[in-house]
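The next block is structure.txt, given as compact mmCIF, C-alpha atoms.
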```txt
# COMPACT_ATOMS: atom_id res chain seq x y z
CA MET A 168 0.00 0.00 0.00
CA LYS A 169 2.92 2.31 0.71
CA LEU A 170 4.13 1.73 -2.81
CA VAL A 171 0.77 2.84 -4.19
CA ALA A 172 0.91 6.05 -2.16
CA VAL A 173 4.45 6.73 -3.34
CA LEU A 174 3.43 6.10 -6.94
CA VAL A 175 0.51 8.47 -6.54
CA VAL A 176 2.89 11.15 -5.36
CA LEU A 177 5.52 10.48 -7.97
CA CYS A 178 3.08 10.11 -10.87
CA GLY A 179 1.69 13.58 -10.43
CA SER A 180 -1.48 13.18 -8.41
CA PHE A 181 0.02 15.37 -5.74
CA PHE A 182 -0.07 18.47 -7.87
CA LEU A 183 -2.10 20.22 -10.47
CA THR A 184 -0.16 22.80 -12.32
CA SER A 185 -1.70 25.92 -13.68
CA GLY A 186 0.94 28.36 -14.72
CA ASN A 187 3.02 28.72 -11.59
CA PHE A 188 0.38 27.15 -9.34
CA ILE A 189 0.94 23.84 -7.58
CA ALA A 190 -1.80 22.21 -5.49
CA CYS A 191 -0.34 19.95 -2.83
CA ASP A 192 -1.98 16.71 -1.73
CA LEU A 193 -1.59 17.43 1.96
CA ASP A 194 -4.17 14.91 3.13
CA LEU A 195 -1.55 12.17 2.93
CA GLU A 196 -0.46 11.09 6.38
CA ASP A 197 2.90 9.45 5.83
CA PRO A 198 5.64 11.98 6.66
CA ALA A 199 8.01 10.26 4.22
CA ILE A 200 5.56 10.82 1.36
CA LEU A 201 4.80 14.38 2.43
CA ALA A 202 8.52 15.06 2.41
CA GLN A 203 8.59 14.10 -1.30
CA LEU A 204 6.10 16.79 -2.27
CA PRO A 205 7.50 19.78 -4.19
CA GLN A 206 9.32 22.47 -2.24
CA GLU A 207 6.35 24.82 -2.72
CA CYS A 208 4.29 22.41 -0.60
CA GLN A 209 6.73 22.27 2.28
CA ASN A 210 6.44 25.79 3.69
CA LEU A 211 2.78 26.79 3.30
CA ASP A 212 1.12 29.13 5.75
CA GLU A 213 -1.77 27.68 7.78
CA SER A 214 -4.60 29.05 5.62
CA SER A 215 -2.98 27.83 2.38
CA SER A 216 -2.33 24.45 3.96
CA GLN A 217 -5.99 24.17 4.97
CA LEU A 218 -7.11 25.08 1.44
CA MET A 219 -4.83 22.44 -0.03
CA LYS A 220 -6.23 19.84 2.38
CA GLN A 221 -9.79 20.78 1.38
CA GLU A 222 -8.84 20.46 -2.28
CA ALA A 223 -7.27 17.05 -1.71
CA ILE A 224 -10.34 15.83 0.16
CA SER A 225 -12.63 17.12 -2.60
CA PHE A 226 -10.58 15.22 -5.19
CA LYS A 227 -10.64 12.05 -3.11
CA THR A 228 -14.42 12.30 -2.66
CA PHE A 229 -14.94 12.90 -6.38
CA HIS A 230 -12.60 10.08 -7.37
CA ASN A 231 -14.30 7.60 -5.04
CA LYS A 232 -17.74 8.52 -6.42
CA LEU A 233 -16.46 8.07 -9.96
CA LEU A 234 -15.04 4.64 -9.13
CA GLU A 235 -18.32 3.68 -7.44
CA TYR A 236 -20.24 4.73 -10.56
CA GLU A 237 -18.02 2.62 -12.77
CA ALA A 238 -18.27 -0.38 -10.38
CA VAL A 239 -22.10 -0.21 -10.46
CA GLN A 240 -21.94 -0.89 -14.18
CA GLY A 241 -20.64 -4.38 -13.39
CA LYS A 242 -17.95 -4.37 -16.06
CA HIS A 243 -14.94 -4.91 -13.78
CA THR A 244 -13.01 -8.07 -14.51
CA GLU A 245 -10.67 -10.04 -12.33
CA ASP A 246 -7.73 -8.49 -14.18
CA GLU A 247 -8.77 -4.86 -14.54
CA MET A 248 -11.13 -2.19 -13.32
CA TYR A 249 -13.57 -0.81 -15.86
CA MET A 250 -13.15 2.89 -16.62
CA ASP A 251 -15.94 4.57 -18.57
CA MET A 252 -13.74 6.95 -20.53
CA ASP A 253 -16.62 8.44 -22.53
CA PHE A 254 -18.46 9.27 -19.30
CA ARG A 255 -15.32 10.77 -17.79
CA ARG A 256 -14.72 12.94 -20.86
CA ARG A 257 -18.35 14.17 -20.90
CA LEU A 258 -18.20 14.83 -17.15
CA TYR A 259 -15.10 17.01 -17.40
CA GLU A 260 -16.43 18.85 -20.44
CA ARG A 261 -19.85 19.46 -18.87
CA VAL A 262 -18.49 21.19 -15.78
CA ASP A 263 -15.58 22.79 -17.66
CA ILE A 264 -13.07 22.08 -14.93
CA ASP A 265 -10.36 23.45 -17.22
CA SER A 266 -11.78 26.91 -16.58
CA CYS A 267 -10.19 26.74 -13.12
CA SER A 268 -6.75 26.61 -14.72
CA ILE A 269 -7.03 30.22 -15.90
CA ILE A 270 -7.41 31.34 -12.27
CA ALA A 271 -3.81 31.45 -11.12
CA GLU A 272 -4.21 34.08 -8.42
CA PRO A 273 -5.32 34.26 -5.72
CA LEU A 274 -4.79 30.72 -4.50
CA GLU A 275 -8.11 30.71 -2.66
CA GLU A 276 -10.10 31.42 -5.84
CA HIS A 277 -8.36 28.65 -7.76
CA ILE A 278 -8.97 26.10 -4.99
CA LYS A 279 -12.59 27.15 -4.55
CA CYS A 280 -13.14 26.72 -8.29
CA LEU A 281 -11.73 23.19 -8.22
CA ILE A 282 -13.83 22.23 -5.20
CA GLU A 283 -16.98 23.69 -6.77
CA LYS A 284 -16.40 21.92 -10.09
CA ARG A 285 -15.74 18.61 -8.36
CA GLN A 286 -18.96 18.97 -6.37
CA GLN A 287 -20.82 19.55 -9.64
CA MET A 288 -19.26 16.35 -11.01
CA ILE A 289 -20.26 14.44 -7.86
CA ASP A 290 -23.84 15.64 -8.37
CA ILE A 291 -23.81 14.51 -12.01
CA ILE A 292 -22.37 11.13 -11.02
CA GLY A 293 -25.11 10.74 -8.38
CA ALA A 294 -27.81 11.45 -10.95
CA SER A 295 -26.15 9.04 -13.40
CA VAL A 296 -26.10 6.22 -10.81
CA VAL A 297 -29.83 6.74 -10.23
CA ASN A 298 -30.40 6.51 -14.00
CA LEU A 299 -28.47 3.21 -14.16
CA ARG A 300 -30.86 1.54 -11.72
```
Represent the structure contained in this file as structure tokens.
Amino acid sequence: MKLVAVLVVLCGSFFLTSGNFIACDLDLEDPAILAQLPQECQNLDESSSQLMKQEAISFKTFHNKLLEYEAVQGKHTEDEMYMDMDFRRRLYERVDIDSCSIIAEPLEEHIKCLIEKRQQMIDIIGASVVNLR
């Protein structure tokens, strides 16, 4: 499990770049993993740190809902998890999460945009699960 967490950090899930902006996945609990985050994540003030934690939690909530939606479809196999790439593409396009990337400053506005867009996606996923039943 530690390896998975390290891979998540190293593969880029720990940051979302937008110009000079880096969002840090500060909800991780392992100090060794946190120490591997970019330098910009190491010395955040308390309010920025709290925003980054909220953003990380919002991503985790969204990601879990998305995985639940895909699992409900019953297309997982023993060898691989089913990912509904068409649904994912439509979901991202519908909420236009890319619009958050043009908000580089202030940090709070960028983070709030991401959290809001992810909540919209969670709502869409919820409605889609109801439609599957």
**Request:** Pick out the residues sitting within 12 Å of Thr228 (chain A), and hand them over as a PyMOL selection string; count all atoms listed in the file, and ignore anything fewer than 2 positions along from it in its own chain.
**Result:** chain A and resi 221-226+230-235+282+285-290+292
CA of Ile264 (chain A) sits from CA of Cys280 (chain A) at a separation of 8.1 Å
_Excluding Leu274 (chain A) and its own-chain neighbours fewer than 3 positions away, which residues fall within 9 Å of it when counting all atoms listed in the file? Please give them as a list in words._
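So the residues in contact are Phe188, Ser215, Leu218, Ile270, Ala271, His277, Ile278 and Lys279 of chain A.
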CA of Ser295 (chain A) to CA of Glu237 (chain A) measures 10.4 Å
Separating CA of Asp253 (chain A) from CA of Cys191 (chain A), to the nearest tenth of an Å, is a gap of 28.0 Å
Contact residues around Leu211 (chain A) with only C-alpha atoms at 12 Å, ignoring same-chain residues under 6 positions, as a list of chain:residue names =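 Everything that qualifies: A:Ile189, A:Ala190, A:Cys191, A:Leu193, A:Leu204, A:Pro205, A:Gln217, A:Leu218, A:Met219, A:Lys220, A:Leu274.
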Using all atoms listed in the file: which of A:Val239, A:Val262, A:Cys267, A:Met248 has the shortest distance to Val296 (chain A):
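The closest residue to Val296 (chain A) is A:Val239.
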Do you know which residues are at most 10 Å from Asp265 (chain A) counting all atoms listed in the file, after dropping those on the same chain fewer than 4 positions away, and could you put them as a ChimeraX atom specification? /A:185,259-260,269-270,280-281,284
